[in-house]
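Structure below is work.txt: compact mmCIF, C-alpha atoms (C1' of nucleotides).
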```txt
# COMPACT_ATOMS: atom_id res chain seq x y z
CA MET A 1 0.00 0.00 0.00
CA THR A 2 1.99 3.01 -1.16
CA ARG A 3 0.95 5.82 1.14
CA SER A 4 3.40 8.55 0.18
CA ALA A 5 2.40 8.92 -3.49
CA PRO A 6 -1.34 8.76 -4.19
CA PRO A 7 -2.28 7.05 -7.48
CA PRO A 8 -2.28 9.64 -10.24
CA GLY A 9 -5.38 11.00 -11.85
CA ASN A 10 -7.86 9.13 -9.68
CA LEU A 11 -10.60 11.29 -8.25
CA ASP A 12 -11.80 8.49 -6.04
CA ALA A 13 -8.54 7.13 -4.72
CA PRO A 14 -8.69 3.75 -3.00
CA ALA A 15 -9.28 3.92 0.74
CA THR A 16 -6.17 3.12 2.74
CA THR A 17 -7.63 2.30 6.14
CA VAL A 18 -10.70 0.59 7.53
CA ASP A 19 -12.04 3.87 8.89
CA GLU A 20 -11.48 5.68 5.64
CA ALA A 21 -13.44 2.98 3.86
CA LEU A 22 -16.24 3.17 6.43
CA ASP A 23 -16.34 6.94 5.99
CA ARG A 24 -16.82 6.39 2.33
CA VAL A 25 -19.63 3.96 2.97
CA ARG A 26 -21.35 6.52 5.20
CA ARG A 27 -20.88 9.36 2.72
CA ASN A 28 -22.64 7.24 0.13
CA GLY A 29 -25.72 6.75 2.25
CA GLY A 30 -24.64 3.44 3.74
CA ARG A 31 -24.55 2.52 7.40
CA VAL A 32 -21.56 1.54 9.44
CA THR A 33 -22.29 -1.91 10.78
CA SER A 34 -20.14 -4.38 12.61
CA SER A 35 -20.28 -6.83 9.70
CA ARG A 36 -18.75 -4.21 7.51
CA ARG A 37 -16.11 -3.30 10.02
CA PHE A 38 -15.10 -6.94 10.46
CA LEU A 39 -15.07 -7.57 6.73
CA LEU A 40 -12.93 -4.51 6.11
CA ARG A 41 -10.56 -5.52 8.88
CA ALA A 42 -10.17 -8.90 7.20
CA LEU A 43 -9.57 -7.27 3.84
CA PHE A 44 -7.03 -4.79 5.19
CA THR A 45 -5.02 -7.35 7.12
CA ALA A 46 -2.73 -9.97 5.62
CA GLY A 47 -3.71 -9.00 2.08
CA GLY A 48 -3.70 -11.71 -0.52
CA HIS A 49 -6.45 -13.03 -2.72
CA ARG A 50 -9.33 -14.35 -0.71
CA THR A 51 -12.63 -15.83 -1.72
CA ALA A 52 -15.93 -14.79 -0.22
CA GLU A 53 -15.97 -18.02 1.74
CA GLU A 54 -12.50 -17.46 3.17
CA LEU A 55 -13.39 -13.91 4.15
CA ALA A 56 -16.59 -15.17 5.76
CA ALA A 57 -14.59 -17.65 7.81
CA GLU A 58 -12.27 -14.89 9.00
CA VAL A 59 -15.13 -12.61 9.91
CA GLN A 60 -16.98 -15.44 11.63
CA ASP A 61 -13.98 -16.03 13.87
CA GLN A 62 -14.98 -12.83 15.60
CA ALA A 63 -18.66 -12.54 14.72
CA PRO A 64 -20.04 -16.04 14.15
CA ASP A 65 -23.49 -14.90 13.06
CA VAL A 66 -22.38 -12.96 10.00
CA HIS A 67 -23.90 -14.81 7.09
CA LEU A 68 -22.19 -15.56 3.79
CA SER A 69 -24.88 -13.64 1.94
CA THR A 70 -24.02 -10.57 3.99
CA ILE A 71 -20.40 -11.00 2.98
CA TYR A 72 -21.41 -11.11 -0.67
CA ARG A 73 -23.63 -8.06 -0.32
CA ASN A 74 -20.92 -6.10 1.41
CA LEU A 75 -18.26 -7.14 -1.06
CA GLU A 76 -20.51 -5.91 -3.84
CA GLU A 77 -21.04 -2.59 -2.10
CA LEU A 78 -17.34 -2.13 -1.34
CA GLU A 79 -16.52 -2.84 -4.93
CA ARG A 80 -19.10 -0.32 -6.10
CA LEU A 81 -17.36 2.24 -3.89
CA GLY A 82 -13.97 1.42 -5.33
CA VAL A 83 -12.54 0.09 -2.08
CA ILE A 84 -11.95 -3.42 -3.38
CA VAL A 85 -11.91 -5.32 -6.67
CA HIS A 86 -12.48 -8.95 -7.51
CA ALA A 87 -10.59 -11.12 -9.93
CA HIS A 88 -11.26 -14.50 -11.52
CA LEU A 89 -8.22 -16.72 -11.31
CA GLY A 90 -9.54 -19.60 -13.38
CA HIS A 91 -12.37 -21.95 -12.60
CA GLY A 92 -13.62 -21.72 -9.06
CA PRO A 93 -14.66 -18.84 -6.87
CA ALA A 94 -13.73 -15.20 -7.43
CA THR A 95 -11.10 -13.61 -5.22
CA TYR A 96 -11.25 -10.18 -3.61
CA HIS A 97 -8.57 -7.72 -2.66
CA LEU A 98 -8.00 -4.03 -2.01
CA ALA A 99 -8.34 -1.82 -5.07
CA SER A 100 -5.01 -0.23 -4.21
CA ALA A 101 -3.36 -3.63 -4.72
CA ALA A 102 -4.88 -4.28 -8.15
CA HIS A 103 -2.63 -6.09 -10.63
CA GLY A 104 -2.74 -8.74 -13.34
CA HIS A 105 -2.41 -12.47 -12.74
CA PHE A 106 -0.85 -15.46 -14.43
CA VAL A 107 -2.42 -18.71 -13.30
CA CYS A 108 -1.14 -22.17 -14.12
CA GLU A 109 -4.00 -24.26 -15.49
CA VAL A 110 -2.29 -27.43 -14.30
CA CYS A 111 -1.30 -26.75 -10.69
CA GLY A 112 -3.13 -23.50 -9.99
CA THR A 113 -0.03 -21.53 -9.04
CA MET A 114 -0.66 -17.82 -9.31
CA ILE A 115 1.90 -15.18 -10.24
CA GLU A 116 1.21 -11.48 -9.82
CA ALA A 117 1.90 -9.75 -13.11
CA PRO A 118 3.17 -6.16 -13.11
CA ASP A 119 0.93 -3.88 -15.15
CA GLN A 120 3.63 -2.83 -17.57
CA LEU A 121 3.70 -6.37 -18.96
CA PHE A 122 0.33 -5.63 -20.53
CA GLY A 123 1.39 -2.35 -22.10
CA GLY A 124 2.04 -3.76 -25.54
CA LEU A 125 -1.19 -5.72 -25.67
CA ALA A 126 -3.09 -2.71 -24.34
CA ARG A 127 -1.65 -0.54 -27.09
CA THR A 128 -2.37 -2.87 -30.00
CA ALA A 129 -5.84 -3.78 -28.71
CA LYS A 130 -6.56 -0.06 -28.60
CA THR A 131 -5.19 0.89 -31.99
CA GLU A 132 -6.40 -2.17 -33.89
CA PHE A 133 -9.76 -2.76 -32.20
CA SER A 134 -10.49 0.38 -30.14
CA PHE A 135 -10.64 -2.03 -27.24
CA THR A 136 -9.42 -0.95 -23.80
CA ILE A 137 -8.20 -4.00 -21.94
CA ASP A 138 -8.68 -4.48 -18.21
CA PRO A 139 -5.77 -6.77 -17.36
CA HIS A 140 -6.88 -7.21 -13.73
CA HIS A 141 -10.34 -8.69 -13.95
CA PHE A 142 -9.59 -12.08 -15.47
CA ALA A 143 -6.32 -13.91 -15.04
CA VAL A 144 -4.18 -14.96 -17.99
CA LEU A 145 -4.07 -18.75 -17.90
CA GLY A 146 -1.13 -20.86 -19.01
CA ARG A 147 1.57 -23.15 -17.61
CA CYS A 148 4.08 -22.34 -14.94
CA ALA A 149 7.74 -23.34 -15.22
CA ARG A 150 7.27 -26.66 -13.42
CA CYS A 151 4.20 -27.69 -15.45
CA SER A 152 5.19 -26.71 -19.00
CA MET B 153 -3.37 -40.11 -36.99
CA THR B 154 -1.80 -37.52 -39.30
CA ARG B 155 -3.75 -37.35 -42.52
CA SER B 156 -3.36 -35.78 -45.96
CA ALA B 157 -2.67 -32.16 -45.05
CA PRO B 158 -1.80 -31.93 -41.42
CA PRO B 159 -1.48 -28.50 -39.83
CA PRO B 160 2.22 -27.81 -39.25
CA GLY B 161 4.13 -28.84 -36.17
CA ASN B 162 1.29 -30.57 -34.36
CA LEU B 163 1.65 -34.26 -33.56
CA ASP B 164 -2.02 -34.60 -32.76
CA ALA B 165 -3.50 -32.35 -35.39
CA PRO B 166 -7.11 -31.23 -34.91
CA ALA B 167 -9.64 -33.39 -36.71
CA THR B 168 -11.03 -31.70 -39.77
CA THR B 169 -14.19 -33.72 -40.34
CA VAL B 170 -16.86 -35.42 -38.29
CA ASP B 171 -15.70 -38.86 -39.40
CA GLU B 172 -12.09 -38.10 -38.61
CA ALA B 173 -13.11 -37.07 -35.12
CA LEU B 174 -15.19 -40.23 -34.70
CA ASP B 175 -12.23 -42.30 -35.86
CA ARG B 176 -10.19 -40.70 -33.18
CA VAL B 177 -12.82 -41.49 -30.58
CA ARG B 178 -12.82 -45.13 -31.67
CA ARG B 179 -9.05 -45.39 -31.67
CA ASN B 180 -9.04 -44.21 -28.09
CA GLY B 181 -11.34 -46.94 -26.91
CA GLY B 182 -14.53 -44.93 -27.26
CA ARG B 183 -17.69 -45.95 -29.07
CA VAL B 184 -19.30 -44.21 -31.99
CA THR B 185 -22.79 -43.29 -30.92
CA SER B 186 -25.43 -41.17 -32.54
CA SER B 187 -25.22 -38.56 -29.78
CA ARG B 188 -21.59 -38.10 -30.62
CA ARG B 189 -22.23 -37.92 -34.31
CA PHE B 190 -24.93 -35.30 -33.87
CA LEU B 191 -22.82 -33.27 -31.47
CA LEU B 192 -19.87 -33.33 -33.86
CA ARG B 193 -22.10 -32.33 -36.75
CA ALA B 194 -23.27 -29.35 -34.72
CA LEU B 195 -19.71 -28.43 -33.85
CA PHE B 196 -18.48 -28.74 -37.42
CA THR B 197 -21.28 -26.70 -38.98
CA ALA B 198 -21.74 -22.96 -38.69
CA GLY B 199 -18.78 -22.60 -36.32
CA GLY B 200 -18.93 -19.88 -33.74
CA HIS B 201 -18.81 -20.00 -29.98
CA ARG B 202 -21.57 -22.10 -28.58
CA THR B 203 -22.47 -23.04 -25.05
CA ALA B 204 -23.30 -26.58 -23.99
CA GLU B 205 -26.94 -25.57 -23.82
CA GLU B 206 -26.95 -24.16 -27.35
CA LEU B 207 -25.26 -27.26 -28.68
CA ALA B 208 -27.77 -29.42 -26.84
CA ALA B 209 -30.60 -27.49 -28.50
CA GLU B 210 -29.08 -28.04 -31.93
CA VAL B 211 -28.57 -31.74 -31.30
CA GLN B 212 -32.07 -32.09 -29.91
CA ASP B 213 -33.51 -30.67 -33.10
CA GLN B 214 -32.60 -34.00 -34.65
CA ALA B 215 -32.43 -36.28 -31.64
CA PRO B 216 -34.73 -34.91 -28.94
CA ASP B 217 -33.74 -37.47 -26.31
CA VAL B 218 -30.09 -36.50 -26.09
CA HIS B 219 -29.66 -35.17 -22.59
CA LEU B 220 -27.66 -32.13 -21.59
CA SER B 221 -25.50 -34.28 -19.34
CA THR B 222 -24.57 -36.40 -22.34
CA ILE B 223 -23.56 -33.24 -24.16
CA TYR B 224 -21.30 -32.25 -21.28
CA ARG B 225 -19.76 -35.73 -21.09
CA ASN B 226 -19.10 -35.79 -24.82
CA LEU B 227 -17.70 -32.28 -24.87
CA GLU B 228 -15.29 -33.32 -22.14
CA GLU B 229 -14.21 -36.40 -24.09
CA LEU B 230 -13.80 -34.47 -27.34
CA GLU B 231 -11.71 -31.89 -25.58
CA ARG B 232 -9.53 -34.62 -24.06
CA LEU B 233 -8.96 -35.91 -27.59
CA GLY B 234 -8.00 -32.48 -28.85
CA VAL B 235 -10.94 -32.15 -31.21
CA ILE B 236 -12.44 -29.12 -29.50
CA VAL B 237 -11.51 -26.54 -26.91
CA HIS B 238 -13.57 -24.44 -24.57
CA ALA B 239 -13.14 -20.80 -23.66
CA HIS B 240 -14.53 -18.60 -20.91
CA LEU B 241 -15.78 -15.29 -22.23
CA GLY B 242 -16.54 -13.66 -18.90
CA HIS B 243 -19.18 -14.65 -16.42
CA GLY B 244 -21.71 -17.13 -17.71
CA PRO B 245 -21.37 -20.46 -19.44
CA ALA B 246 -18.24 -21.69 -21.23
CA THR B 247 -18.22 -21.77 -25.02
CA TYR B 248 -16.95 -24.58 -27.20
CA HIS B 249 -15.43 -24.62 -30.66
CA LEU B 250 -13.17 -26.66 -32.88
CA ALA B 251 -9.56 -26.82 -31.75
CA SER B 252 -8.52 -25.85 -35.26
CA ALA B 253 -10.34 -22.53 -34.82
CA ALA B 254 -8.69 -21.61 -31.52
CA HIS B 255 -7.95 -17.93 -30.99
CA GLY B 256 -7.92 -15.28 -28.29
CA HIS B 257 -10.89 -13.13 -27.29
CA PHE B 258 -11.55 -9.59 -26.15
CA VAL B 259 -14.85 -9.28 -24.33
CA CYS B 260 -16.48 -6.02 -23.28
CA GLU B 261 -17.42 -6.22 -19.62
CA VAL B 262 -20.21 -3.71 -20.15
CA CYS B 263 -22.09 -4.95 -23.20
CA GLY B 264 -20.61 -8.40 -23.69
CA THR B 265 -19.44 -7.80 -27.25
CA MET B 266 -16.76 -10.29 -28.24
CA ILE B 267 -13.87 -9.62 -30.61
CA GLU B 268 -11.70 -12.44 -31.91
CA ALA B 269 -8.08 -11.56 -31.25
CA PRO B 270 -5.38 -12.77 -33.66
CA ASP B 271 -2.70 -14.76 -31.87
CA GLN B 272 0.14 -12.45 -32.84
CA LEU B 273 -1.37 -9.75 -30.61
CA PHE B 274 -0.25 -11.84 -27.66
CA GLY B 275 3.31 -12.35 -28.90
CA GLY B 276 4.83 -9.61 -26.78
CA LEU B 277 3.07 -10.67 -23.61
CA ALA B 278 3.95 -14.30 -24.31
CA ARG B 279 7.60 -13.38 -24.67
CA THR B 280 7.91 -11.31 -21.50
CA ALA B 281 5.86 -13.74 -19.44
CA LYS B 282 8.26 -16.43 -20.57
CA THR B 283 11.51 -14.60 -20.00
CA GLU B 284 10.53 -12.87 -16.76
CA PHE B 285 8.42 -15.59 -15.13
CA SER B 286 9.05 -18.79 -17.12
CA PHE B 287 5.31 -18.72 -17.65
CA THR B 288 3.83 -19.96 -20.93
CA ILE B 289 0.59 -18.11 -21.56
CA ASP B 290 -2.43 -19.76 -23.13
CA PRO B 291 -4.19 -16.79 -24.68
CA HIS B 292 -7.21 -18.85 -25.76
CA HIS B 293 -8.61 -20.29 -22.57
CA PHE B 294 -9.81 -17.14 -20.80
CA ALA B 295 -10.90 -14.00 -22.60
CA VAL B 296 -9.22 -10.66 -21.98
CA LEU B 297 -11.91 -8.43 -20.52
CA GLY B 298 -12.15 -4.69 -21.05
CA ARG B 299 -14.31 -2.06 -22.77
CA CYS B 300 -15.24 -1.94 -26.41
CA ALA B 301 -15.18 1.31 -28.39
CA ARG B 302 -18.82 2.13 -27.68
CA CYS B 303 -18.59 1.44 -23.96
CA SER B 304 -15.30 3.09 -23.00
C1' DG C 305 -39.20 6.60 12.94
C1' DT C 306 -37.13 5.87 8.63
C1' DC C 307 -34.69 3.30 5.72
C1' DG C 308 -30.75 0.55 5.00
C1' DA C 309 -28.58 -3.97 6.57
C1' DT C 310 -28.99 -8.59 8.15
C1' DG C 311 -30.10 -13.66 8.87
C1' DC C 312 -32.13 -17.25 6.91
C1' DA C 313 -33.93 -20.14 3.41
C1' DA C 314 -34.69 -20.78 -0.99
C1' DA C 315 -33.64 -20.08 -5.81
C1' DC C 316 -30.43 -19.47 -9.33
C1' DG C 317 -27.43 -20.98 -13.51
C1' DT C 318 -23.87 -24.02 -14.79
C1' DT C 319 -21.81 -28.27 -14.39
C1' DT C 320 -21.04 -32.90 -12.30
C1' DT C 321 -22.30 -37.34 -10.58
C1' DG C 322 -24.73 -41.93 -9.21
C1' DC C 323 -27.34 -45.25 -10.91
C1' DA C 324 -29.88 -48.57 -13.71
C1' DC C 325 -30.53 -49.61 -18.43
C1' DA C 326 -29.18 -49.56 -23.52
C1' DC C 327 -26.08 -50.00 -27.00
C1' DT C 328 -21.43 -50.62 -29.60
C1' DG C 329 -17.97 -53.49 -30.98
C1' DC D 330 -20.77 -60.63 -23.79
C1' DA D 331 -17.86 -57.08 -21.94
C1' DG D 332 -17.66 -52.68 -21.12
C1' DT D 333 -18.75 -48.00 -22.70
C1' DG D 334 -22.46 -44.58 -23.25
C1' DT D 335 -26.97 -42.90 -22.04
C1' DG D 336 -31.20 -40.82 -19.76
C1' DC D 337 -32.74 -39.26 -15.73
C1' DA D 338 -32.73 -37.32 -11.22
C1' DA D 339 -30.22 -35.39 -7.94
C1' DA D 340 -26.34 -33.12 -6.13
C1' DA D 341 -22.66 -29.86 -6.28
C1' DC D 342 -20.94 -25.30 -6.60
C1' DG D 343 -20.68 -20.33 -6.28
C1' DT D 344 -23.70 -16.71 -6.08
C1' DT D 345 -28.13 -14.07 -5.78
C1' DT D 346 -32.64 -12.93 -4.03
C1' DG D 347 -37.20 -12.50 -1.18
C1' DC D 348 -38.72 -11.60 2.98
C1' DA D 349 -39.38 -10.57 7.80
C1' DT D 350 -36.78 -8.51 11.31
C1' DC D 351 -33.11 -5.70 13.26
C1' DG D 352 -30.33 -1.77 13.96
C1' DA D 353 -27.95 2.79 12.54
C1' DC D 354 -28.71 7.44 12.27
```
For this file, write the structure as structure tokens.
Amino acid sequence: MTRSAPPPGNLDAPATTVDEALDRVRRNGGRVTSSRRFLLRALFTAGGHRTAEELAAEVQDQAPDVHLSTIYRNLEELERLGVIVHAHLGHGPATYHLASAAHGHFVCEVCGTMIEAPDQLFGGLARTAKTEFSFTIDPHHFAVLGRCARCS
Amino acid sequence: MTRSAPPPGNLDAPATTVDEALDRVRRNGGRVTSSRRFLLRALFTAGGHRTAEELAAEVQDQAPDVHLSTIYRNLEELERLGVIVHAHLGHGPATYHLASAAHGHFVCEVCGTMIEAPDQLFGGLARTAKTEFSFTIDPHHFAVLGRCARCS
DNA sequence: GTCGATGCAAACGTTTTGCACACTG
DNA sequence: CAGTGTGCAAAACGTTTGCATCGAC
């Protein structure tokens, strides 16, 4: 989470703390509930790519009654507010992480290993997709599948 | 296995006719059934990206009793034999097409428009993924999401 | 008190599986 | 006749939704 230099040209910069995210929820007409606080705490700690089910388990450690459907509804809301994003890393459930940590993914279709791909790797593809097809790629949303070193 | 005009550099070249594909099924210990023949006919005619459900509908036009689960089982077998491949074009059902027609995809995450992406567009990404991460990308399996001209 | 959020159960869409029967080779 | 393929129903899986109630502001 790079604090010092805020991402350029983004009016709605990603929230960097739980409270900042909750403020944003409130400013958008939402309520600050304990489910949301727990979910945000889970999202802001230990990072990584976690599924709704994994996040639910973490939240339920502290608040056992929080239902999976609440997790899904809150994840949707937090994504709408730009606090988090989700990515599809192949078959199986989507994974969620902080918007500030967005990046591309390479996923091995044999063993499932995931490699975080720096954005500049996609520069060339982004450019040609744009000039040849007027298509603006979003390299974060779906992983690029393939084979890792061990499996190819 | 390799017939008159095999595509270059591929030991197990994609079948180019229904009967060739059925031969391959038989050679691998499978049986030639009418479900399989109808499914292959559907796959070999009119091309395009079709979901299991769409293929089932086409098959059922001629053989109403063929069940969707049979379609799925046969698609799996045909993919194992290298006759077809499937691709994920975003959320929603997978699409199937002949292995010989494999290509990449750009899919608009707003309107769903799909653009077929020539393989050479992925050359740069393939090269850097390989040299920097020893990762061999498969640009066909999952679409690259983004925004089309109208939606961006 | 208003209105948004929650728990729960039930539905959803896609795909897989267990089983008894039918068919191919 | 052996063993693969099939129809059907049911389950599996991740996710969404309807509804009555609860809780934040």
Hand me chain B as it sits after a least-squares fit onto chain A over every Cα, paired in order, written as a compact mmCIF listing (two decimals) with C-alpha atoms, in the frame of the given file.
```txt
# COMPACT_ATOMS: atom_id res chain seq x y z
CA MET B 153 -11.67 12.19 -0.46
CA THR B 154 -8.00 12.58 -1.38
CA ARG B 155 -5.88 12.30 1.72
CA SER B 156 -2.26 12.90 2.72
CA ALA B 157 -0.42 10.86 0.10
CA PRO B 158 -2.77 9.98 -2.67
CA PRO B 159 -1.63 7.54 -5.34
CA PRO B 160 -0.93 9.51 -8.52
CA GLY B 161 -3.52 10.33 -11.14
CA ASN B 162 -6.49 8.71 -9.44
CA LEU B 163 -9.44 10.90 -8.49
CA ASP B 164 -10.91 8.23 -6.27
CA ALA B 165 -7.77 6.80 -4.76
CA PRO B 166 -8.03 3.41 -3.06
CA ALA B 167 -8.59 3.60 0.68
CA THR B 168 -5.49 2.74 2.62
CA THR B 169 -6.97 1.95 6.03
CA VAL B 170 -10.07 0.34 7.45
CA ASP B 171 -11.31 3.65 8.83
CA GLU B 172 -10.74 5.44 5.56
CA ALA B 173 -12.80 2.80 3.81
CA LEU B 174 -15.55 3.10 6.41
CA ASP B 175 -15.53 6.86 5.97
CA ARG B 176 -16.08 6.33 2.32
CA VAL B 177 -18.97 4.00 2.99
CA ARG B 178 -20.57 6.61 5.25
CA ARG B 179 -20.06 9.42 2.77
CA ASN B 180 -21.90 7.38 0.19
CA GLY B 181 -24.97 6.98 2.32
CA GLY B 182 -23.97 3.65 3.81
CA ARG B 183 -23.88 2.71 7.48
CA VAL B 184 -20.89 1.61 9.47
CA THR B 185 -21.70 -1.80 10.85
CA SER B 186 -19.59 -4.34 12.64
CA SER B 187 -19.86 -6.80 9.75
CA ARG B 188 -18.29 -4.21 7.53
CA ARG B 189 -15.59 -3.40 9.99
CA PHE B 190 -14.67 -7.05 10.42
CA LEU B 191 -14.72 -7.69 6.69
CA LEU B 192 -12.48 -4.69 6.06
CA ARG B 193 -10.10 -5.79 8.79
CA ALA B 194 -9.84 -9.17 7.10
CA LEU B 195 -9.23 -7.55 3.74
CA PHE B 196 -6.60 -5.17 5.08
CA THR B 197 -4.62 -7.80 6.98
CA ALA B 198 -2.46 -10.50 5.45
CA GLY B 199 -3.43 -9.51 1.90
CA GLY B 200 -3.56 -12.22 -0.69
CA HIS B 201 -6.36 -13.46 -2.87
CA ARG B 202 -9.27 -14.65 -0.83
CA THR B 203 -12.63 -16.02 -1.80
CA ALA B 204 -15.88 -14.86 -0.25
CA GLU B 205 -16.00 -18.09 1.70
CA GLU B 206 -12.49 -17.64 3.09
CA LEU B 207 -13.25 -14.08 4.08
CA ALA B 208 -16.46 -15.22 5.72
CA ALA B 209 -14.49 -17.77 7.75
CA GLU B 210 -12.07 -15.09 8.91
CA VAL B 211 -14.87 -12.73 9.86
CA GLN B 212 -16.75 -15.49 11.63
CA ASP B 213 -13.74 -16.18 13.81
CA GLN B 214 -14.63 -12.95 15.56
CA ALA B 215 -18.30 -12.56 14.74
CA PRO B 216 -19.79 -16.02 14.17
CA ASP B 217 -23.22 -14.74 13.13
CA VAL B 218 -22.08 -12.84 10.06
CA HIS B 219 -23.69 -14.65 7.17
CA LEU B 220 -22.07 -15.45 3.86
CA SER B 221 -24.74 -13.47 2.06
CA THR B 222 -23.77 -10.41 4.08
CA ILE B 223 -20.18 -10.94 3.01
CA TYR B 224 -21.23 -11.02 -0.63
CA ARG B 225 -23.38 -7.90 -0.24
CA ASN B 226 -20.57 -6.01 1.46
CA LEU B 227 -17.98 -7.14 -1.04
CA GLU B 228 -20.22 -5.82 -3.79
CA GLU B 229 -20.63 -2.47 -2.04
CA LEU B 230 -16.91 -2.15 -1.33
CA GLU B 231 -16.12 -2.89 -4.93
CA ARG B 232 -18.64 -0.27 -6.07
CA LEU B 233 -16.80 2.22 -3.87
CA GLY B 234 -13.45 1.29 -5.35
CA VAL B 235 -12.03 -0.10 -2.13
CA ILE B 236 -11.56 -3.63 -3.43
CA VAL B 237 -11.60 -5.50 -6.71
CA HIS B 238 -12.30 -9.09 -7.57
CA ALA B 239 -10.50 -11.33 -10.02
CA HIS B 240 -11.31 -14.66 -11.62
CA LEU B 241 -8.40 -17.06 -11.49
CA GLY B 242 -9.90 -19.82 -13.60
CA HIS B 243 -12.84 -22.00 -12.76
CA GLY B 244 -13.98 -21.79 -9.17
CA PRO B 245 -14.84 -18.90 -6.92
CA ALA B 246 -13.78 -15.28 -7.50
CA THR B 247 -11.05 -13.81 -5.31
CA TYR B 248 -11.08 -10.41 -3.68
CA HIS B 249 -8.30 -8.03 -2.73
CA LEU B 250 -7.60 -4.38 -2.10
CA ALA B 251 -7.89 -2.16 -5.16
CA SER B 252 -4.49 -0.72 -4.30
CA ALA B 253 -2.96 -4.17 -4.79
CA ALA B 254 -4.48 -4.79 -8.22
CA HIS B 255 -2.31 -6.70 -10.68
CA GLY B 256 -2.54 -9.29 -13.43
CA HIS B 257 -2.39 -13.05 -12.93
CA PHE B 258 -1.02 -16.08 -14.71
CA VAL B 259 -2.74 -19.27 -13.62
CA CYS B 260 -1.66 -22.78 -14.56
CA GLU B 261 -4.64 -24.68 -15.92
CA VAL B 262 -3.11 -27.96 -14.82
CA CYS B 263 -2.03 -27.40 -11.23
CA GLY B 264 -3.67 -24.09 -10.42
CA THR B 265 -0.46 -22.31 -9.46
CA MET B 266 -0.89 -18.55 -9.62
CA ILE B 267 1.81 -16.04 -10.56
CA GLU B 268 1.29 -12.32 -10.04
CA ALA B 269 2.04 -10.55 -13.30
CA PRO B 270 3.50 -7.03 -13.24
CA ASP B 271 1.36 -4.60 -15.21
CA GLN B 272 4.10 -3.64 -17.64
CA LEU B 273 3.97 -7.17 -19.09
CA PHE B 274 0.64 -6.21 -20.61
CA GLY B 275 1.85 -2.93 -22.12
CA GLY B 276 2.37 -4.31 -25.60
CA LEU B 277 -0.96 -6.08 -25.73
CA ALA B 278 -2.68 -3.00 -24.31
CA ARG B 279 -1.15 -0.86 -27.02
CA THR B 280 -2.06 -3.07 -29.98
CA ALA B 281 -5.53 -3.81 -28.65
CA LYS B 282 -6.04 -0.07 -28.45
CA THR B 283 -4.67 0.90 -31.83
CA GLU B 284 -6.08 -2.04 -33.79
CA PHE B 285 -9.44 -2.48 -32.05
CA SER B 286 -9.97 0.64 -29.91
CA PHE B 287 -10.21 -1.84 -27.07
CA THR B 288 -8.89 -0.91 -23.62
CA ILE B 289 -7.80 -4.08 -21.86
CA ASP B 290 -8.28 -4.62 -18.15
CA PRO B 291 -5.51 -7.09 -17.38
CA HIS B 292 -6.61 -7.56 -13.77
CA HIS B 293 -10.15 -8.86 -13.98
CA PHE B 294 -9.59 -12.27 -15.58
CA ALA B 295 -6.40 -14.27 -15.21
CA VAL B 296 -4.36 -15.34 -18.22
CA LEU B 297 -4.44 -19.13 -18.20
CA GLY B 298 -1.64 -21.37 -19.41
CA ARG B 299 0.96 -23.84 -18.12
CA CYS B 300 3.53 -23.22 -15.46
CA ALA B 301 7.13 -24.41 -15.82
CA ARG B 302 6.49 -27.73 -14.09
CA CYS B 303 3.36 -28.53 -16.07
CA SER B 304 4.33 -27.57 -19.62
```
- Message: Can you measure CA of Val107 in chain A to CA of Gly146 in chain A for me? One decimal in Å is fine.
- Response: 6.2 Å
- Dump as a list in words all residues having an atom at most 12 Å from (-17.7, -55.8, -33.4), computed in the file's coordinates with only C-alpha atoms (C1' of nucleotides). Arg178, Arg183 and Val184 of chain B; DT328 and DG329 of chain C; DC330 and DA331 of chain D
Chain C contacts on chain B, only C-alpha atoms (C1' of nucleotides), 10 Å, as a CSV table (one decimal) with C-alpha atoms, in the coordinates of the input:
```
chain,number,residue,atom,x,y,z
B,178,ARG,CA,-12.8,-45.1,-31.7
B,182,GLY,CA,-14.5,-44.9,-27.3
B,183,ARG,CA,-17.7,-46.0,-29.1
B,184,VAL,CA,-19.3,-44.2,-32.0
B,185,THR,CA,-22.8,-43.3,-30.9
B,204,ALA,CA,-23.3,-26.6,-24.0
B,205,GLU,CA,-26.9,-25.6,-23.8
B,221,SER,CA,-25.5,-34.3,-19.3
B,224,TYR,CA,-21.3,-32.2,-21.3
B,225,ARG,CA,-19.8,-35.7,-21.1
B,244,GLY,CA,-21.7,-17.1,-17.7
B,245,PRO,CA,-21.4,-20.5,-19.4
B,246,ALA,CA,-18.2,-21.7,-21.2
```
- Pick the closest to chain A from B:Val262, B:Ala173, B:Ala215, B:Gly242: which is it, counting only C-alpha atoms?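 Closest residue, counting only C-alpha atoms: B:Gly242.
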- Check every residue of chain D for an atom within 12 Å of chain A, counting all atoms listed in the file, and provide those that qualify as an MDAnalysis selection string. chainID D and resid 342:346 351:354
- Task: Give the residues of chain B that lie within 8 Å of chain A; count only C-alpha atoms, and format the answer as a ChimeraX atom specification.
- Result: /B:242,258,273-274,276-277,280-281,285-291,293-301,304
- Have a look at CA of Arg176 in chain B and CA of Glu231 in chain B and let me know their distance in Å, one decimal.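 Distance between the two atoms: 11.7 Å.
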- Rounded to one decimal place, report the CA of Ala99 in chain A-CA of Gly112 in chain A distance in Å.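 Distance reported for this atom pair: 22.8 Å.
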